[in-house]
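Data from work.pdb: PDB, C-alpha atoms
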```
MODEL        1
ATOM      1  CA  MET T 805      28.917 -43.563-117.461
ATOM      2  CA  SER T 806      31.040 -41.519-115.105
ATOM      3  CA  LYS T 807      30.507 -41.511-111.368
ATOM      4  CA  ARG T 808      29.437 -37.856-111.462
ATOM      5  CA  SER T 809      26.782 -38.363-114.138
ATOM      6  CA  ALA T 810      25.575 -41.577-112.435
ATOM      7  CA  ARG T 811      25.020 -39.738-109.135
ATOM      8  CA  PRO T 812      24.047 -36.150-109.952
ATOM      9  CA  TRP T 813      22.838 -35.540-106.390
ATOM     10  CA  VAL T 814      26.419 -35.700-105.058
ATOM     11  CA  VAL T 815      27.606 -32.160-104.298
ATOM     12  CA  ASP T 816      31.175 -31.643-105.487
ATOM     13  CA  ASP T 817      33.687 -29.333-103.850
ATOM     14  CA  GLU T 818      33.272 -26.533-106.394
ATOM     15  CA  LEU T 819      29.507 -26.294-105.968
ATOM     16  CA  TRP T 820      29.709 -26.617-102.191
ATOM     17  CA  SER T 821      32.229 -23.768-102.050
ATOM     18  CA  ARG T 822      29.474 -21.510-103.405
ATOM     19  CA  ILE T 823      26.683 -22.851-101.221
ATOM     20  CA  GLU T 824      28.464 -23.131 -97.863
ATOM     21  CA  PRO T 825      28.902 -19.345 -97.289
ATOM     22  CA  LEU T 826      25.170 -18.877 -97.876
ATOM     23  CA  VAL T 827      23.996 -21.509 -95.377
ATOM     24  CA  PRO T 828      23.096 -19.915 -92.019
ATOM     25  CA  LEU T 829      24.803 -21.219 -88.897
ATOM     26  CA  PRO T 830      22.562 -23.429 -86.747
ATOM     27  CA  TYR T 831      21.044 -21.716 -83.713
ATOM     28  CA  ALA T 832      23.068 -18.571 -84.301
ATOM     29  CA  GLY T 833      22.603 -15.996 -81.542
ATOM     30  CA  CYS T 834      20.206 -18.010 -79.429
ATOM     31  CA  ARG T 835      19.801 -21.213 -77.459
ATOM     32  CA  ARG T 836      17.178 -23.643 -78.687
ATOM     33  CA  PRO T 837      15.964 -26.880 -77.077
ATOM     34  CA  GLY T 838      16.359 -30.258 -78.727
ATOM     35  CA  ARG T 839      19.192 -32.389 -80.002
ATOM     36  CA  ARG T 840      22.256 -30.828 -81.561
ATOM     37  CA  ARG T 841      22.738 -31.255 -85.290
ATOM     38  CA  THR T 842      24.980 -34.219 -85.942
ATOM     39  CA  LEU T 843      24.576 -34.492 -89.716
ATOM     40  CA  GLU T 844      26.659 -32.252 -91.943
ATOM     41  CA  ASP T 845      24.812 -29.726 -94.086
ATOM     42  CA  ARG T 846      26.536 -31.030 -97.200
ATOM     43  CA  LYS T 847      25.187 -34.549 -96.677
ATOM     44  CA  VAL T 848      21.702 -33.211 -96.030
ATOM     45  CA  LEU T 849      21.904 -31.189 -99.244
ATOM     46  CA  CYS T 850      22.755 -34.402-101.111
ATOM     47  CA  GLY T 851      19.560 -35.898 -99.671
ATOM     48  CA  ILE T 852      17.541 -32.892-100.821
ATOM     49  CA  LEU T 853      19.022 -33.229-104.313
ATOM     50  CA  PHE T 854      18.263 -36.958-104.308
ATOM     51  CA  VAL T 855      14.587 -36.170-103.738
ATOM     52  CA  LEU T 856      14.665 -33.401-106.361
ATOM     53  CA  TYR T 857      16.246 -35.596-109.028
ATOM     54  CA  THR T 858      14.329 -38.822-108.418
ATOM     55  CA  GLY T 859      10.964 -37.467-107.242
ATOM     56  CA  ILE T 860      10.968 -39.976-104.382
ATOM     57  CA  GLN T 861       8.822 -39.298-101.320
ATOM     58  CA  TRP T 862      10.619 -37.906 -98.290
ATOM     59  CA  GLU T 863       9.866 -40.912 -96.093
ATOM     60  CA  TRP T 864      11.360 -43.244 -98.701
ATOM     61  CA  LEU T 865      14.779 -41.579 -98.704
ATOM     62  CA  PRO T 866      17.274 -44.493 -98.419
ATOM     63  CA  GLN T 867      18.951 -44.391 -95.020
ATOM     64  CA  GLU T 868      21.951 -46.393 -96.238
ATOM     65  CA  LEU T 869      23.056 -43.432 -98.401
ATOM     66  CA  GLY T 870      23.911 -41.433 -95.275
ATOM     67  CA  PHE T 871      21.735 -38.414 -96.070
ATOM     68  CA  GLY T 872      19.756 -38.578 -92.843
ATOM     69  CA  SER T 873      16.003 -38.940 -92.551
ATOM     70  CA  GLY T 874      13.565 -37.449 -95.003
ATOM     71  CA  MET T 875      12.194 -35.176 -92.276
ATOM     72  CA  THR T 876      15.678 -33.827 -91.525
ATOM     73  CA  CYS T 877      16.175 -32.977 -95.208
ATOM     74  CA  TRP T 878      12.694 -31.445 -95.428
ATOM     75  CA  ARG T 879      13.285 -29.208 -92.411
ATOM     76  CA  ARG T 880      16.573 -27.861 -93.707
ATOM     77  CA  LEU T 881      15.131 -27.293 -97.166
ATOM     78  CA  ARG T 882      12.372 -25.254 -95.494
ATOM     79  CA  ASP T 883      14.749 -23.338 -93.220
ATOM     80  CA  TRP T 884      17.294 -22.598 -95.959
ATOM     81  CA  ASN T 885      14.562 -21.415 -98.277
ATOM     82  CA  ALA T 886      13.201 -19.102 -95.565
ATOM     83  CA  ALA T 887      16.740 -17.742 -95.150
ATOM     84  CA  GLY T 888      16.926 -17.003 -98.894
ATOM     85  CA  VAL T 889      19.734 -19.486 -99.599
ATOM     86  CA  TRP T 890      18.394 -20.743-102.930
ATOM     87  CA  GLN T 891      17.587 -17.271-104.245
ATOM     88  CA  ARG T 892      21.052 -16.000-103.340
ATOM     89  CA  LEU T 893      22.706 -19.076-104.865
ATOM     90  CA  HIS T 894      20.847 -18.425-108.115
ATOM     91  CA  GLU T 895      21.998 -14.794-108.091
ATOM     92  CA  VAL T 896      25.622 -15.779-107.392
ATOM     93  CA  LEU T 897      25.649 -18.165-110.352
ATOM     94  CA  LEU T 898      24.000 -15.594-112.643
ATOM     95  CA  ASP T 899      26.745 -13.135-111.690
ATOM     96  CA  GLU T 900      29.387 -15.718-112.573
ATOM     97  CA  LEU T 901      27.714 -16.503-115.886
ATOM     98  CA  ARG T 902      27.689 -12.832-116.810
ATOM     99  CA  ALA T 903      31.330 -12.455-115.810
ATOM    100  CA  ALA T 904      32.155 -15.408-118.078
ATOM    101  CA  ASP T 905      30.167 -13.878-120.994
ATOM    102  CA  ARG T 906      27.717 -16.778-120.943
ATOM    103  CA  LEU T 907      24.636 -14.638-120.300
ATOM    104  CA  ASP T 908      22.834 -12.868-123.148
ATOM    105  CA  LEU T 909      20.435 -10.152-121.946
ATOM    106  CA  SER T 910      19.786  -8.774-125.425
ATOM    107  CA  ARG T 911      16.407 -10.489-125.117
ATOM    108  CA  ALA T 912      14.429 -12.551-122.641
ATOM    109  CA  VAL T 913      11.740 -15.138-123.299
ATOM    110  CA  ILE T 914       8.709 -15.882-121.123
ATOM    111  CA  ASP T 915       6.401 -18.871-120.914
ATOM    112  CA  SER T 916       4.623 -21.084-118.393
ATOM    113  CA  SER T 917       3.898 -24.746-117.890
ATOM    114  CA  HIS T 918       1.078 -26.445-116.006
ATOM    115  CA  VAL T 919       1.725 -29.173-113.427
ATOM    116  CA  ARG T 920      -0.880 -31.154-111.541
ATOM    117  CA  ALA T 921      -1.125 -30.487-107.790
ATOM    118  CA  LEU T 922      -2.351 -33.776-106.348
ATOM    119  CA  LYS T 923      -2.670 -32.518-102.755
ATOM    120  CA  GLY T 924      -3.877 -28.965-103.424
ATOM    121  CA  GLY T 925      -2.632 -26.149-101.234
ATOM    122  CA  PRO T 926      -1.720 -22.485-101.750
ATOM    123  CA  GLN T 927      -0.894 -21.333-105.292
ATOM    124  CA  THR T 928      -3.172 -23.925-106.875
ATOM    125  CA  GLY T 929      -6.356 -23.538-108.871
ATOM    126  CA  ARG T 930      -8.807 -25.388-111.088
ATOM    127  CA  SER T 931      -6.871 -25.820-114.293
ATOM    128  CA  PRO T 932      -8.718 -25.153-117.571
ATOM    129  CA  VAL T 933      -6.300 -27.488-119.390
ATOM    130  CA  ASP T 934      -6.723 -30.448-117.007
ATOM    131  CA  ARG T 935     -10.516 -30.865-116.676
ATOM    132  CA  GLY T 936     -10.701 -28.530-113.689
ATOM    133  CA  ARG T 937      -8.323 -30.542-111.536
ATOM    134  CA  PRO T 938      -6.179 -28.570-109.074
ATOM    135  CA  GLY T 939      -2.891 -27.494-110.568
ATOM    136  CA  SER T 940      -0.106 -24.928-110.492
ATOM    137  CA  LYS T 941       1.891 -23.115-113.128
ATOM    138  CA  HIS T 942       5.642 -22.783-113.331
ATOM    139  CA  ARG T 943       6.304 -19.367-114.852
ATOM    140  CA  VAL T 944       9.800 -18.953-116.241
ATOM    141  CA  ILE T 945      11.794 -16.170-117.880
ATOM    142  CA  CYS T 946      15.147 -16.979-119.472
ATOM    143  CA  ASP T 947      17.823 -15.135-121.413
ATOM    144  CA  ALA T 948      18.466 -15.518-125.147
ATOM    145  CA  THR T 949      20.387 -18.758-124.587
ATOM    146  CA  GLY T 950      17.938 -20.432-122.199
ATOM    147  CA  VAL T 951      19.541 -19.574-118.849
ATOM    148  CA  PRO T 952      16.699 -19.201-116.285
ATOM    149  CA  LEU T 953      16.639 -15.668-114.894
ATOM    150  CA  ALA T 954      13.630 -16.037-112.599
ATOM    151  CA  VAL T 955      10.845 -18.475-111.828
ATOM    152  CA  THR T 956       7.548 -18.045-109.987
ATOM    153  CA  LEU T 957       4.710 -20.316-108.890
ATOM    154  CA  THR T 958       1.023 -19.466-109.323
ATOM    155  CA  GLY T 959      -2.300 -21.234-109.422
ATOM    156  CA  GLY T 960      -3.165 -23.113-112.581
ATOM    157  CA  ASN T 961      -6.175 -20.851-113.183
ATOM    158  CA  ARG T 962      -4.221 -17.581-113.285
ATOM    159  CA  ASN T 963      -4.151 -15.892-116.667
ATOM    160  CA  ASP T 964      -0.692 -15.701-118.211
ATOM    161  CA  VAL T 965      -0.758 -12.008-119.065
ATOM    162  CA  THR T 966      -1.518 -10.980-115.467
ATOM    163  CA  GLN T 967       1.748 -12.562-114.334
ATOM    164  CA  LEU T 968       3.914 -10.855-116.944
ATOM    165  CA  MET T 969       4.975  -7.852-114.875
ATOM    166  CA  PRO T 970       5.628  -9.807-111.631
ATOM    167  CA  LEU T 971       7.868 -12.165-113.578
ATOM    168  CA  LEU T 972       9.844  -9.284-115.099
ATOM    169  CA  ALA T 973      10.165  -7.747-111.629
ATOM    170  CA  ALA T 974      11.512 -11.048-110.283
ATOM    171  CA  ILE T 975      14.691 -10.780-112.389
ATOM    172  CA  PRO T 976      17.495 -10.030-109.900
ATOM    173  CA  ARG T 977      20.169  -7.362-110.283
ATOM    174  CA  ILE T 978      22.874  -9.289-112.122
ATOM    175  CA  ARG T 979      26.438  -8.222-111.485
ATOM    176  CA  GLY T 980      29.670  -9.796-112.691
ATOM    177  CA  LYS T 981      30.999  -6.905-114.770
ATOM    178  CA  ARG T 982      32.102  -3.368-114.064
ATOM    179  CA  GLY T 983      29.380  -0.768-114.047
ATOM    180  CA  ARG T 984      25.768  -0.911-112.972
ATOM    181  CA  PRO T 985      24.115  -4.315-112.507
ATOM    182  CA  ARG T 986      21.824  -5.477-115.317
ATOM    183  CA  GLN T 987      18.200  -6.254-114.498
ATOM    184  CA  ARG T 988      16.350  -5.480-117.720
ATOM    185  CA  PRO T 989      16.652  -7.264-121.048
ATOM    186  CA  LYS T 990      16.417  -5.135-124.174
ATOM    187  CA  GLU T 991      13.501  -7.165-125.566
ATOM    188  CA  VAL T 992      11.036  -9.672-124.158
ATOM    189  CA  TYR T 993       9.490 -12.410-126.307
ATOM    190  CA  ALA T 994       6.223 -14.138-125.488
ATOM    191  CA  ASP T 995       3.401 -16.004-127.219
ATOM    192  CA  ARG T 996      -0.137 -14.798-127.944
ATOM    193  CA  GLY T 997      -1.266 -15.509-124.403
ATOM    194  CA  TYR T 998       0.685 -12.446-123.257
ATOM    195  CA  ASP T 999      -0.656 -10.101-125.942
ATOM    196  CA  HIS T1000      -2.546  -7.139-124.494
ATOM    197  CA  ASP T1001      -2.120  -3.460-125.325
ATOM    198  CA  CYS T1002      -2.206  -2.415-121.671
ATOM    199  CA  TYR T1003       0.708  -4.681-120.806
ATOM    200  CA  ARG T1004       2.603  -3.705-123.938
ATOM    201  CA  ARG T1005       2.548  -0.098-122.711
ATOM    202  CA  ARG T1006       3.668  -1.137-119.241
ATOM    203  CA  ILE T1007       6.608  -3.090-120.683
ATOM    204  CA  TRP T1008       7.609  -0.108-122.859
ATOM    205  CA  ALA T1009       7.459   2.071-119.729
ATOM    206  CA  ARG T1010      10.127  -0.137-118.151
ATOM    207  CA  GLY T1011      12.420   0.470-121.108
ATOM    208  CA  ILE T1012      11.874  -3.006-122.602
ATOM    209  CA  LYS T1013      10.602  -3.722-126.105
ATOM    210  CA  PRO T1014       7.758  -6.302-126.183
ATOM    211  CA  VAL T1015       7.917  -8.758-129.086
ATOM    212  CA  ASN T1016       5.062 -11.230-129.323
ATOM    213  CA  ALA T1017       2.510 -12.374-131.844
ATOM    214  CA  ARG T1018      -0.866 -10.666-131.931
ATOM    215  CA  ARG T1019      -4.016 -12.473-130.898
ATOM    216  CA  GLY T1020      -6.304 -13.378-133.758
ATOM    217  CA  THR T1021      -3.522 -13.486-136.337
ATOM    218  CA  ALA T1022      -2.458 -16.580-138.244
ATOM    219  CA  HIS T1023       0.429 -18.665-137.020
ATOM    220  CA  GLY T1024       3.771 -18.490-138.779
ATOM    221  CA  SER T1025       5.138 -15.217-137.414
ATOM    222  CA  GLY T1026       8.615 -16.744-137.238
ATOM    223  CA  LEU T1027       9.090 -15.737-133.593
ATOM    224  CA  GLY T1028       9.359 -19.389-132.653
ATOM    225  CA  THR T1029      12.937 -19.394-133.938
ATOM    226  CA  ARG T1030      13.810 -17.264-130.895
ATOM    227  CA  ARG T1031      11.190 -18.449-128.423
ATOM    228  CA  TRP T1032      12.195 -22.113-128.513
ATOM    229  CA  VAL T1033      14.824 -21.609-125.803
ATOM    230  CA  ILE T1034      12.129 -21.207-123.138
ATOM    231  CA  GLU T1035      10.694 -24.593-124.099
ATOM    232  CA  GLN T1036      14.153 -26.045-123.592
ATOM    233  CA  THR T1037      14.459 -24.409-120.172
ATOM    234  CA  ILE T1038      11.051 -25.678-119.030
ATOM    235  CA  ALA T1039      11.960 -29.166-120.271
ATOM    236  CA  LEU T1040      15.162 -29.012-118.187
ATOM    237  CA  LEU T1041      13.163 -27.998-115.115
ATOM    238  CA  HIS T1042      10.724 -30.861-115.591
ATOM    239  CA  TRP T1043      13.620 -33.261-116.062
ATOM    240  CA  PHE T1044      13.840 -33.100-112.264
ATOM    241  CA  GLY T1045      11.416 -35.744-111.054
ATOM    242  CA  ARG T1046      10.051 -33.680-108.170
ATOM    243  CA  LEU T1047       8.913 -30.866-110.480
ATOM    244  CA  ARG T1048       6.832 -32.921-112.925
ATOM    245  CA  ILE T1049       3.987 -33.169-110.403
ATOM    246  CA  ARG T1050       3.479 -30.944-107.389
ATOM    247  CA  TRP T1051       3.377 -33.232-104.372
ATOM    248  CA  GLU T1052       3.905 -30.526-101.757
ATOM    249  CA  THR T1053       0.932 -28.943-100.037
ATOM    250  CA  ARG T1054       3.138 -26.052 -98.930
ATOM    251  CA  ASP T1055       3.917 -23.706-101.789
ATOM    252  CA  ASP T1056       7.202 -22.538-100.233
ATOM    253  CA  ILE T1057       8.631 -26.070-100.423
ATOM    254  CA  HIS T1058       7.752 -26.399-104.092
ATOM    255  CA  GLU T1059       9.176 -22.950-104.803
ATOM    256  CA  ALA T1060      12.370 -23.998-103.013
ATOM    257  CA  PHE T1061      12.696 -26.947-105.380
ATOM    258  CA  LEU T1062      12.089 -24.632-108.355
ATOM    259  CA  LYS T1063      14.794 -22.164-107.329
ATOM    260  CA  LEU T1064      17.231 -24.947-106.531
ATOM    261  CA  ALA T1065      16.619 -26.510-109.955
ATOM    262  CA  CYS T1066      17.242 -23.145-111.656
ATOM    263  CA  SER T1067      20.533 -22.869-109.782
ATOM    264  CA  LEU T1068      21.579 -26.337-110.924
ATOM    265  CA  ILE T1069      20.805 -25.469-114.555
ATOM    266  CA  CYS T1070      22.967 -22.345-114.202
ATOM    267  CA  TRP T1071      25.716 -24.424-112.618
ATOM    268  CA  ARG T1072      25.760 -26.813-115.581
ATOM    269  CA  ARG T1073      26.107 -23.854-117.934
ATOM    270  CA  LEU T1074      28.994 -22.515-115.886
ATOM    271  CA  ARG T1075      30.959 -25.763-115.611
ATOM    272  CA  PRO T1076      32.399 -25.799-119.197
ATOM    273  CA  THR T1077      34.102 -22.455-118.559
ATOM    274  CA  MET T1078      35.848 -23.836-115.463
ATOM    275  CA  ARG T1079      37.583 -26.793-117.133
TER     276      ARG T1079
ENDMDL
END
```

Now that the file is in, can you turn its structure into structure tokens?
Amino acid sequence: MSKRSARPWVVDDELWSRIEPLVPLPYAGCRRPGRRRTLEDRKVLCGILFVLYTGIQWEWLPQELGFGSGMTCWRRLRDWNAAGVWQRLHEVLLDELRAADRLDLSRAVIDSSHVRALKGGPQTGRSPVDRGRPGSKHRVICDATGVPLAVTLTGGNRNDVTQLMPLLAAIPRIRGKRGRPRQRPKEVYADRGYDHDCYRRRIWARGIKPVNARRGTAHGSGLGTRRWVIEQTIALLHWFGRLRIRWETRDDIHEAFLKLACSLICWRRLRPTMR
């Protein structure tokens, strides 16, 4: 196994060149009390990725790896998320994927996945699929090839169809080619949980064609041959140990991990075109 694959949390020069311009300068424009930052942002990011990949608790972050303390990594993850770093990184990589013709917006696919929230907190709810235990849902929309376009976090008791329009609205304006940015796929695929005439009309009003099986009809519509990519994308998200179970009480920290994971999936898609 190569060194890179053995240590996926190590940030290489190419990825850091995209992240570094997005990271805000410490204490810019003001004087704040406390000790000066002595640990490089790149090393702290490696610590954040170590937690994301392994699912380890913050206080158990190995000090001998040189990533700093778990609290240092947690604070910068919080601050960078508040500054919009992860969202902008995701948008930058989507732009690059479109420029490299590795993004297919002819259709988009939507689905959600339930995760248990052991500590509760905002964006949790009594899950009907987990005996009423508190849980959250990862709601994902991807392109025709499985590239994540947007991800949101809601309570586990929220009905899927009510989150359809917010998820479509979360798709960023994707540049990378001449002309107007793309934000709308031509078609959107979903399962029966998203079938409702009211929402079909709202999707049509946005200039998007809804394609999903009707409730009450027999299975075997054949749409699964195009919807399977969203299952692949959700499986890739849950390959990150920290996303299989929600340990964070704060919803913004869990959302930060979600957006960072989406960016890493996009980065893996982009790497073959750079060799």

Requested in this report: Check what the PyMOL selection byres ((chain T and resi 1041) around 10) selects in the file above and give those residues as a list in words.
Outcome: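 On this input, the PyMOL selection byres ((chain T and resi 1041) around 10) captures His942, Val944, Pro952, Glu1035, Gln1036, Thr1037, Ile1038, Ala1039, Leu1040, His1042, Trp1043, Phe1044, Gly1045, Arg1046, Leu1047, Arg1048, Phe1061, Leu1062, Lys1063, Leu1064, Ala1065, Cys1066, Leu1068 and Ile1069 of chain T.
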
Requested in this report: Starting from the displayed file, determine the output of the PyMOL selection byres ((chain T and resi 843-847) around 10) and express the residue list as number ranges by chain.
Outcome: T: 814-817, 820, 823-824, 827, 829-830, 840-842, 848-853, 869-872, 876-877, 880

Report task. Name the residues, using the chain letters and numbers of the file, that sit within 12 Å of (-0.7, -26.6, -109.2) when counting all atoms listed in the file, and give them as a PyMOL selection string. Result -> chain T and resi 916-934+936-943+956-962+1047-1055+1058-1059

Query - Atomic separation - atom CA of T:Lys981 relative to atom CA of T:Ala903, Å - result: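 These two atoms are separated by 5.7 Å.
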
Requested in this report: Measure the distance from atom CA of T:Tyr993 to atom CA of T:Arg906 in Å and round it to one decimal.
Outcome: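 Distance reported for this atom pair: 19.5 Å.
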
Query - Picked residues, the PyMOL selection byres ((chain T and resi 888) around 12), expected as a VMD selection string - result: chain T and resid 823 826 to 828 881 to 887 889 to 895 1056 1059 to 1060 1063 to 1064

Query - Computed interatomic separation between atom CA of T:Arg977 and atom CA of T:Asp1001 (Å) - result: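 According to the coordinates, atom CA of T:Arg977 and atom CA of T:Asp1001 are separated by 27.2 Å.
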
Centre and edges of the stretch 853-859 of chain T box, axis-aligned, 4 Å extra per side, as JSON:
```
{"center_x": 15.0, "center_y": -36.0, "center_z": -106.4, "size_x": 16.1, "size_y": 13.6, "size_z": 13.3}
```

Query - Polymer residues at most 10 Å from T:Trp1032, all atoms listed in the file, same-chain spacing of 5 or more positions, as a list in words - result: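 In the requested form, the answer reads Val913, Ala948, Thr949, Gly950, Leu1027 and Thr1037 of chain T.
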
Query - Which of T:Leu901, T:Arg822, T:Trp813, T:Trp878 sits closest to T:Tyr857 [using all atoms listed in the file] - result: T:Trp813

Report task. Place a sphere of radius 7 Å on (14.6, -6.0, -126.8) in the file coordinates and name every protein, DNA or RNA residue with an atom inside or on its surface, counting only C-alpha atoms; give the answer as a list in words. Result ->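 Counting only C-alpha atoms, I find these residues within 7 Å of (14.6, -6.0, -126.8): Ser910, Arg911, Pro989, Lys990, Glu991, Val992, Ile1012, Lys1013 and Pro1014 of chain T.
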
Report summary line: Between T:Met875, T:Leu898, T:Pro825, T:Leu907, smallest distance to T:Pro976 by all atoms listed in the file belongs to T:Leu898

Query raised in the report: With only C-alpha atoms as the atoms that count, which of T:Ile914, T:Asp995, T:Val1033, T:Trp1008 lies nearest to T:Pro970?
Result: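 Residue with the minimum atom-to-atom distance to T:Pro970: T:Ile914.
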
Residue rebuild result stretch 967-979 of chain T, N, CA and C atoms as a PDB file, in the coordinates of the input:
```
ATOM      1  N   GLN T 967       0.517 -12.242-115.044  1.00  0.00           N
ATOM      2  CA  GLN T 967       1.748 -12.562-114.334  1.00  0.00           C
ATOM      3  C   GLN T 967       2.988 -12.065-115.059  1.00  0.00           C
ATOM      4  N   LEU T 968       2.786 -11.327-116.144  1.00  0.00           N
ATOM      5  CA  LEU T 968       3.914 -10.855-116.944  1.00  0.00           C
ATOM      6  C   LEU T 968       4.790  -9.876-116.166  1.00  0.00           C
ATOM      7  N   MET T 969       4.192  -8.863-115.585  1.00  0.00           N
ATOM      8  CA  MET T 969       4.975  -7.852-114.875  1.00  0.00           C
ATOM      9  C   MET T 969       5.633  -8.403-113.602  1.00  0.00           C
ATOM     10  N   PRO T 970       4.931  -9.228-112.791  1.00  0.00           N
ATOM     11  CA  PRO T 970       5.628  -9.807-111.631  1.00  0.00           C
ATOM     12  C   PRO T 970       6.830 -10.659-112.018  1.00  0.00           C
ATOM     13  N   LEU T 971       6.743 -11.339-113.154  1.00  0.00           N
ATOM     14  CA  LEU T 971       7.868 -12.165-113.578  1.00  0.00           C
ATOM     15  C   LEU T 971       9.046 -11.306-114.021  1.00  0.00           C
ATOM     16  N   LEU T 972       8.767 -10.205-114.724  1.00  0.00           N
ATOM     17  CA  LEU T 972       9.844  -9.284-115.099  1.00  0.00           C
ATOM     18  C   LEU T 972      10.477  -8.664-113.852  1.00  0.00           C
ATOM     19  N   ALA T 973       9.653  -8.347-112.856  1.00  0.00           N
ATOM     20  CA  ALA T 973      10.165  -7.747-111.629  1.00  0.00           C
ATOM     21  C   ALA T 973      10.990  -8.734-110.809  1.00  0.00           C
ATOM     22  N   ALA T 974      10.791 -10.038-111.052  1.00  0.00           N
ATOM     23  CA  ALA T 974      11.512 -11.048-110.283  1.00  0.00           C
ATOM     24  C   ALA T 974      12.947 -11.239-110.763  1.00  0.00           C
ATOM     25  N   ILE T 975      13.309 -10.661-111.912  1.00  0.00           N
ATOM     26  CA  ILE T 975      14.691 -10.780-112.389  1.00  0.00           C
ATOM     27  C   ILE T 975      15.604 -10.046-111.418  1.00  0.00           C
ATOM     28  N   PRO T 976      16.613 -10.698-110.867  1.00  0.00           N
ATOM     29  CA  PRO T 976      17.495 -10.030-109.900  1.00  0.00           C
ATOM     30  C   PRO T 976      18.460  -9.064-110.580  1.00  0.00           C
ATOM     31  N   ARG T 977      19.119  -8.250-109.787  1.00  0.00           N
ATOM     32  CA  ARG T 977      20.169  -7.362-110.283  1.00  0.00           C
ATOM     33  C   ARG T 977      21.418  -8.215-110.506  1.00  0.00           C
ATOM     34  N   ILE T 978      21.795  -8.375-111.760  1.00  0.00           N
ATOM     35  CA  ILE T 978      22.874  -9.289-112.122  1.00  0.00           C
ATOM     36  C   ILE T 978      24.174  -8.509-112.261  1.00  0.00           C
ATOM     37  N   ARG T 979      25.137  -8.868-111.463  1.00  0.00           N
ATOM     38  CA  ARG T 979      26.438  -8.222-111.485  1.00  0.00           C
ATOM     39  C   ARG T 979      27.406  -9.079-112.297  1.00  0.00           C
TER      40      ARG T 979
END
```
